[in-house]
>>> print(open('target20.pdb').read())   # PDB, C-alpha atoms
ATOM      1  CA  MET A   1      91.944 102.544 108.887
ATOM      2  CA  GLU A   2      94.748 100.851 110.831
ATOM      3  CA  LYS A   3      95.991  99.123 107.690
ATOM      4  CA  ILE A   4      95.922 102.338 105.645
ATOM      5  CA  SER A   5      97.798 104.241 108.357
ATOM      6  CA  LYS A   6     100.497 101.550 108.558
ATOM      7  CA  THR A   7     100.873 101.492 104.779
ATOM      8  CA  ILE A   8     101.298 105.265 104.644
ATOM      9  CA  LEU A   9     103.902 105.157 107.411
ATOM     10  CA  ILE A  10     105.874 102.368 105.758
ATOM     11  CA  LEU A  11     105.856 103.999 102.308
ATOM     12  CA  THR A  12     106.810 107.481 103.528
ATOM     13  CA  PHE A  13     109.366 106.397 106.137
ATOM     14  CA  PRO A  14     112.260 106.267 103.612
ATOM     15  CA  ILE A  15     111.414 109.780 102.398
ATOM     16  CA  VAL A  16     111.389 111.190 105.929
ATOM     17  CA  ILE A  17     114.702 109.557 106.829
ATOM     18  CA  PHE A  18     116.355 110.637 103.579
ATOM     19  CA  LEU A  19     115.209 114.256 103.963
ATOM     20  CA  LEU A  20     116.296 114.342 107.603
ATOM     21  CA  ALA A  21     119.705 112.876 106.723
ATOM     22  CA  ALA A  22     120.108 115.421 103.926
ATOM     23  CA  ASP A  23     119.172 118.264 106.249
ATOM     24  CA  LEU A  24     121.799 117.121 108.751
ATOM     25  CA  THR A  25     124.610 116.928 106.199
ATOM     26  CA  VAL A  26     124.052 119.348 103.315
ATOM     27  CA  PHE A  27     124.425 122.568 105.315
ATOM     28  CA  ASP A  28     127.671 121.801 107.161
ATOM     29  CA  GLN A  29     130.106 124.510 106.017
ATOM     30  CA  SER A  30     133.120 122.932 107.760
ATOM     31  CA  TRP A  31     132.576 119.684 105.838
ATOM     32  CA  TYR A  32     132.735 121.517 102.501
ATOM     33  CA  GLU A  33     135.924 123.319 103.500
ATOM     34  CA  LYS A  34     137.559 119.980 104.329
ATOM     35  CA  LYS A  35     136.495 118.577 100.959
ATOM     36  CA  PHE A  36     137.714 121.704  99.157
ATOM     37  CA  GLU A  37     141.138 121.025 100.678
ATOM     38  CA  GLN A  38     141.021 117.280 100.032
ATOM     39  CA  HIS A  39     140.086 117.604  96.356
ATOM     40  CA  LYS A  40     142.258 120.703  95.752
ATOM     41  CA  ILE A  41     139.239 122.749  94.717
ATOM     42  CA  TYR A  42     140.849 125.959  95.949
ATOM     43  CA  ASP A  43     143.463 125.537  93.203
ATOM     44  CA  THR A  44     140.838 125.430  90.444
ATOM     45  CA  LEU A  45     139.432 128.913  91.088
ATOM     46  CA  ASP A  46     141.082 132.241  90.417
ATOM     47  CA  ALA A  47     140.260 133.671  93.836
ATOM     48  CA  PRO A  48     141.693 133.703  97.384
ATOM     49  CA  GLN A  49     140.686 130.831  99.671
ATOM     50  CA  ALA A  50     138.915 133.252 102.008
ATOM     51  CA  THR A  51     136.738 134.511  99.138
ATOM     52  CA  ILE A  52     135.860 130.962  98.073
ATOM     53  CA  ASP A  53     134.930 130.026 101.650
ATOM     54  CA  GLU A  54     132.837 133.185 101.987
ATOM     55  CA  GLN A  55     131.003 132.420  98.741
ATOM     56  CA  ALA A  56     130.353 128.837  99.865
ATOM     57  CA  ARG A  57     129.073 130.042 103.243
ATOM     58  CA  ASN A  58     126.814 132.588 101.537
ATOM     59  CA  ILE A  59     125.423 129.957  99.157
ATOM     60  CA  LEU A  60     124.523 127.646 102.044
ATOM     61  CA  ASN A  61     122.785 130.462 103.910
ATOM     62  CA  TYR A  62     121.041 131.652 100.751
ATOM     63  CA  ILE A  63     119.494 128.312  99.868
ATOM     64  CA  GLN A  64     118.217 128.152 103.456
ATOM     65  CA  THR A  65     116.701 131.652 102.941
ATOM     66  CA  LYS A  66     118.864 133.056 105.767
ATOM     67  CA  GLU A  67     120.445 135.823 103.683
ATOM     68  CA  SER A  68     120.504 137.235 100.172
ATOM     69  CA  LEU A  69     122.894 135.889  97.564
ATOM     70  CA  GLN A  70     126.216 137.691  97.181
ATOM     71  CA  PRO A  71     127.617 136.801  93.743
ATOM     72  CA  LEU A  72     131.287 137.118  94.624
ATOM     73  CA  LEU A  73     132.258 134.426  92.111
ATOM     74  CA  LEU A  74     128.968 133.742  90.332
ATOM     75  CA  ASN A  75     127.629 134.755  86.946
ATOM     76  CA  GLU A  76     123.968 135.355  86.083
ATOM     77  CA  LYS A  77     123.314 131.766  84.991
ATOM     78  CA  GLU A  78     124.669 130.401  88.252
ATOM     79  CA  GLN A  79     122.569 132.833  90.253
ATOM     80  CA  ILE A  80     119.418 131.665  88.467
ATOM     81  CA  HIS A  81     120.305 128.044  89.148
ATOM     82  CA  LEU A  82     120.898 128.753  92.838
ATOM     83  CA  GLU A  83     117.493 130.413  93.035
ATOM     84  CA  ASP A  84     116.028 127.176  91.663
ATOM     85  CA  VAL A  85     118.014 125.215  94.263
ATOM     86  CA  LYS A  86     116.750 127.494  97.036
ATOM     87  CA  ASN A  87     113.142 126.935  95.913
ATOM     88  CA  LEU A  88     113.742 123.178  95.836
ATOM     89  CA  VAL A  89     115.232 123.210  99.342
ATOM     90  CA  THR A  90     112.298 125.262 100.627
ATOM     91  CA  LYS A  91     109.817 122.783  99.167
ATOM     92  CA  GLY A  92     111.840 119.916 100.615
ATOM     93  CA  HIS A  93     111.665 121.457 104.081
ATOM     94  CA  GLN A  94     107.925 121.982 103.723
ATOM     95  CA  VAL A  95     107.408 118.364 102.664
ATOM     96  CA  LEU A  96     109.563 117.162 105.571
ATOM     97  CA  ILE A  97     107.572 119.179 108.125
ATOM     98  CA  LEU A  98     104.244 117.926 106.748
ATOM     99  CA  LEU A  99     105.431 114.319 106.693
ATOM    100  CA  MET A 100     106.811 114.520 110.229
ATOM    101  CA  LEU A 101     103.531 115.933 111.530
ATOM    102  CA  MET A 102     101.622 113.202 109.699
ATOM    103  CA  HIS A 103     103.958 110.544 111.109
ATOM    104  CA  LEU A 104     103.513 111.890 114.623
ATOM    105  CA  VAL A 105      99.727 111.560 114.363
ATOM    106  CA  LEU A 106      99.769 108.146 112.686
ATOM    107  CA  TRP A 107     102.389 106.605 115.001
ATOM    108  CA  ILE A 108     100.217 107.589 117.948
ATOM    109  CA  LYS A 109      97.109 106.083 116.347
ATOM    110  CA  ILE A 110      98.370 102.703 115.139
ATOM    111  CA  LYS A 111      98.663  99.671 117.421
ATOM    112  CA  GLU A 112     101.331  97.588 115.654
ATOM    113  CA  LYS A 113     104.072 100.181 115.952
ATOM    114  CA  ARG A 114     107.035  97.806 116.082
ATOM    115  CA  LYS A 115     105.886  95.668 113.179
ATOM    116  CA  THR A 116     105.317  98.806 111.107
ATOM    117  CA  LEU A 117     108.777 100.069 112.022
ATOM    118  CA  LEU A 118     110.263  96.727 110.977
ATOM    119  CA  TYR A 119     108.679  96.852 107.505
ATOM    120  CA  ALA A 120     109.586 100.543 107.125
ATOM    121  CA  GLY A 121     113.231  99.723 107.839
ATOM    122  CA  ILE A 122     113.197  96.855 105.338
ATOM    123  CA  LEU A 123     111.694  99.047 102.606
ATOM    124  CA  THR A 124     114.256 101.780 103.257
ATOM    125  CA  LEU A 125     117.150  99.335 102.868
ATOM    126  CA  ILE A 126     115.663  97.848  99.686
ATOM    127  CA  LEU A 127     115.208 101.255  98.049
ATOM    128  CA  LEU A 128     118.672 102.392  99.072
ATOM    129  CA  GLY A 129     120.141  99.153  97.756
ATOM    130  CA  LEU A 130     118.470  99.690  94.382
ATOM    131  CA  LEU A 131     119.892 103.208  94.182
ATOM    132  CA  MET A 132     123.377 101.979  95.061
ATOM    133  CA  VAL A 133     123.313  99.494  92.183
ATOM    134  CA  LEU A 134     122.856 102.326  89.668
ATOM    135  CA  PRO A 135     125.843 104.438  88.561
ATOM    136  CA  PHE A 136     125.924 107.679  90.545
ATOM    137  CA  GLU A 137     126.305 109.836  87.431
ATOM    138  CA  GLN A 138     123.114 108.337  85.981
ATOM    139  CA  VAL A 139     121.133 108.933  89.187
ATOM    140  CA  PHE A 140     122.553 112.466  89.491
ATOM    141  CA  LEU A 141     121.537 113.299  85.921
ATOM    142  CA  LYS A 142     118.034 111.832  86.279
ATOM    143  CA  PHE A 143     117.530 113.745  89.513
ATOM    144  CA  HIS A 144     118.373 117.077  87.894
ATOM    145  CA  LYS A 145     116.138 116.407  84.904
ATOM    146  CA  LEU A 146     113.305 115.485  87.256
ATOM    147  CA  VAL A 147     113.433 118.412  89.696
ATOM    148  CA  PHE A 148     114.539 121.300  87.465
ATOM    149  CA  THR A 149     112.363 122.712  84.686
ATOM    150  CA  ASN A 150     115.188 124.513  82.853
ATOM    151  CA  ASP A 151     118.752 123.790  81.763
ATOM    152  CA  PHE A 152     120.562 126.333  83.952
ATOM    153  CA  TRP A 153     121.931 123.403  85.975
ATOM    154  CA  LEU A 154     124.047 122.416  82.957
ATOM    155  CA  LEU A 155     127.179 124.291  83.968
ATOM    156  CA  ASN A 156     130.470 124.596  82.106
ATOM    157  CA  PRO A 157     133.759 124.309  84.056
ATOM    158  CA  ALA A 158     135.379 126.651  81.538
ATOM    159  CA  THR A 159     133.029 129.544  82.335
ATOM    160  CA  ASP A 160     131.146 128.702  85.570
ATOM    161  CA  ASN A 161     132.799 128.798  88.997
ATOM    162  CA  LEU A 162     129.893 127.008  90.691
ATOM    163  CA  ILE A 163     130.731 123.672  89.107
ATOM    164  CA  LYS A 164     134.388 124.184  90.029
ATOM    165  CA  MET A 165     133.397 124.709  93.657
ATOM    166  CA  TYR A 166     131.004 121.775  93.657
ATOM    167  CA  PRO A 167     132.228 119.112  91.189
ATOM    168  CA  GLN A 168     130.511 115.744  90.995
ATOM    169  CA  ILE A 169     132.872 114.184  93.561
ATOM    170  CA  ILE A 170     131.489 116.564  96.212
ATOM    171  CA  PHE A 171     127.913 115.452  95.541
ATOM    172  CA  GLN A 172     128.938 111.803  95.344
ATOM    173  CA  THR A 173     130.650 111.985  98.741
ATOM    174  CA  LEU A 174     127.677 113.881 100.144
ATOM    175  CA  ALA A 175     125.307 111.204  98.820
ATOM    176  CA  MET A 176     127.393 108.510 100.504
ATOM    177  CA  LYS A 177     127.202 110.392 103.798
ATOM    178  CA  ILE A 178     123.420 110.761 103.503
ATOM    179  CA  GLY A 179     123.164 107.096 102.552
ATOM    180  CA  ALA A 180     125.222 106.029 105.571
ATOM    181  CA  ILE A 181     122.928 107.930 107.956
ATOM    182  CA  THR A 182     119.873 106.462 106.222
ATOM    183  CA  VAL A 183     121.271 102.932 106.569
ATOM    184  CA  LEU A 184     121.993 103.442 110.266
ATOM    185  CA  VAL A 185     118.442 104.650 110.934
ATOM    186  CA  ALA A 186     116.968 101.819 108.850
ATOM    187  CA  PHE A 187     118.998  99.221 110.789
ATOM    188  CA  LEU A 188     117.899 100.832 114.031
ATOM    189  CA  ALA A 189     114.284 100.479 112.917
ATOM    190  CA  LEU A 190     114.943  96.836 111.996
ATOM    191  CA  THR A 191     116.617  96.136 115.322
ATOM    192  CA  ILE A 192     113.750  97.602 117.321
ATOM    193  CA  GLY A 193     111.170  95.791 115.194
ATOM    194  CA  LEU A 194     112.920  92.410 115.288
ATOM    195  CA  TYR A 195     113.764  92.576 118.979
ATOM    196  CA  LYS A 196     110.229  93.350 120.018
ATOM    197  CA  GLN A 197     108.757  90.877 117.565
ATOM    198  CA  ARG A 198     110.922  88.107 119.028
ATOM    199  CA  GLY A 199     109.951  89.158 122.518
ATOM    200  CA  GLN A 200     106.300  89.001 121.594
ATOM    201  CA  THR A 201     106.779  85.576 120.036
ATOM    202  CA  LYS A 202     108.381  84.199 123.197
ATOM    203  CA  ILE A 203     105.588  85.614 125.313
ATOM    204  CA  TRP A 204     103.001  84.032 122.982
ATOM    205  CA  GLN A 205     104.799  80.655 123.127
ATOM    206  CA  LYS A 206     104.876  80.699 126.939
ATOM    207  CA  SER A 207     101.189  81.486 127.152
TER     208      SER A 207
END
>>> encode(input="target20.pdb", output="structure tokens")
Amino acid sequence: MEKISKTILILTFPIVIFLLAADLTVFDQSWYEKKFEQHKIYDTLDAPQATIDEQARNILNYIQTKESLQPLLLNEKEQIHLEDVKNLVTKGHQVLILLMLMHLVLWIKIKEKRKTLLYAGILTLILLGLLMVLPFEQVFLKFHKLVFTNDFWLLNPATDNLIKMYPQIIFQTLAMKIGAITVLVAFLALTIGLYKQRGQTKIWQKS
């Protein structure tokens, strides 16, 4: 049972860290406004900056189920896609809560906590490294094909404001931010695991 519990913790650790990192970064309205300025996104839409910011704020609250969607700049296709995004975010939150509860129980039960944390950190870095090797556009496309059951996510810059507000560069920068947080947590897990493992080795050698 100990071995099974450790295996589950190691394999699900990257998922928990990724979902937590995403939750910390995706819903930061001020970050989007800075990126809108940086990438001159305000200039691409035929609307006042205040309206664009209000639509962006509403979208973030909507996909967190905090308020209803106000289609200030959105057509019907975009509204359907955002409903799909909201459902995906809701499922992601549910998975995160379940995994965190499971981790809490299993971390309490297992004995080799530091060794498990060490291997979990290593696996997280390996998986993240493999993702970084792949072109972002390819990963982005595969992700959408995997999680969405329709083609409403295929937006056209000529007719759809949503893709003007959130071009690929926004998601790429967001992915880098999530990846950076994930790397930091993985290295923290490695540091704790290695430090304690070395300490245990020295104690064993002295005895």
>>> residues_around(input="target20.pdb", residues="Ile97 in chain A", least_positions_apart="4", cutoff="12 Å", atoms="all atoms listed in the file", output="ChimeraX atom specification")
/A:15-16,19-20,23,90-93,101-104
>>> closest_residue(input="target20.pdb", among="A:Ile17, A:Tyr32, A:Pro71, A:Arg114", to="Thr51 in chain A", atoms="all atoms listed in the file")
A:Pro71
>>> atom_distance(input="target20.pdb", atom1="CA of Val147 in chain A", atom2="CA of Lys164 in chain A")
21.7 Å
>>> closest_atom_pairs(input="target20.pdb", of="range 38-152 of chain A", to="range 166-187 of chain A", cutoff="10 Å", atoms="only C-alpha atoms", output="CSV")
residue,atom,partner,partner_atom,distance
A:His39,CA,A:Ile169,CA,8.5
A:Ile41,CA,A:Tyr166,CA,8.4
A:Ala56,CA,A:Tyr166,CA,9.4
A:Leu117,CA,A:Ala186,CA,9.0
A:Leu118,CA,A:Ala186,CA,8.7
A:Tyr119,CA,A:Ala186,CA,9.8
A:Ala120,CA,A:Ala186,CA,7.7
A:Gly121,CA,A:Ala186,CA,4.4
A:Ile122,CA,A:Ala186,CA,7.2
A:Leu123,CA,A:Ala186,CA,8.6
A:Thr124,CA,A:Ala186,CA,6.2
A:Leu125,CA,A:Ala186,CA,6.5
A:Leu128,CA,A:Gly179,CA,7.4
A:Gly129,CA,A:Val183,CA,9.7
A:Leu131,CA,A:Gly179,CA,9.8
A:Met132,CA,A:Gly179,CA,9.1
A:Phe136,CA,A:Gln172,CA,7.0
A:Glu137,CA,A:Gln168,CA,8.1
A:Phe140,CA,A:Phe171,CA,8.6
>>> atom_distance(input="target20.pdb", atom1="CA of Pro14 in chain A", atom2="CA of Leu82 in chain A")
26.4 Å
>>> closest_residue(input="target20.pdb", among="A:Leu72, A:Leu130, A:Leu146, A:Lys115", to="Thr191 in chain A", atoms="all atoms listed in the file")
A:Lys115
>>> closest_residue(input="target20.pdb", among="A:Val139, A:Val85, A:Leu190, A:Ile52", to="Gln70 in chain A", atoms="only C-alpha atoms")
A:Ile52
>>> closest_residue(input="target20.pdb", among="A:Thr12, A:Thr44, A:Gln55, A:Asn161", to="Leu98 in chain A", atoms="all atoms listed in the file")
A:Thr12
>>> atom_distance(input="target20.pdb", atom1="CA of Trp153 in chain A", atom2="CA of His81 in chain A")
5.9 Å
>>> residues_near_point(input="target20.pdb", point="(119.2, 127.4, 81.9)", cutoff="9 Å", atoms="all atoms listed in the file", output="mmCIF file with C-alpha atoms, in the frame of the given file")
data_model
loop_
_atom_site.group_PDB
_atom_site.id
_atom_site.type_symbol
_atom_site.label_atom_id
_atom_site.label_comp_id
_atom_site.auth_asym_id
_atom_site.auth_seq_id
_atom_site.Cartn_x
_atom_site.Cartn_y
_atom_site.Cartn_z
ATOM 1 C CA LYS A 77 123.314 131.766 84.991
ATOM 2 C CA GLU A 78 124.669 130.401 88.252
ATOM 3 C CA ILE A 80 119.418 131.665 88.467
ATOM 4 C CA HIS A 81 120.305 128.044 89.148
ATOM 5 C CA THR A 149 112.363 122.712 84.686
ATOM 6 C CA ASN A 150 115.188 124.513 82.853
ATOM 7 C CA ASP A 151 118.752 123.790 81.763
ATOM 8 C CA PHE A 152 120.562 126.333 83.952
ATOM 9 C CA TRP A 153 121.931 123.403 85.975
ATOM 10 C CA LEU A 154 124.047 122.416 82.957
ATOM 11 C CA LEU A 155 127.179 124.291 83.968
#
>>> closest_residue(input="target20.pdb", among="A:Asp28, A:Lys66, A:Leu73, A:Asp84", to="Gln49 in chain A", atoms="all atoms listed in the file")
A:Leu73
>>> resolve_selection(input="target20.pdb", expression="the PyMOL selection byres ((chain A and resi 61) around 12)", output="PyMOL selection string")
chain A and resi 26-29+54-60+62-70+82+85-86+89
>>> closest_residue(input="target20.pdb", among="A:Asp46, A:Leu74, A:Ile10, A:Ala21", to="Ala189 in chain A", atoms="only C-alpha atoms")
A:Ile10
>>> residues_near_point(input="target20.pdb", point="(100.7, 104.0, 113.5)", cutoff="12 Å", atoms="only C-alpha atoms", output="PyMOL selection string")
chain A and resi 1-10+13+102-117+120
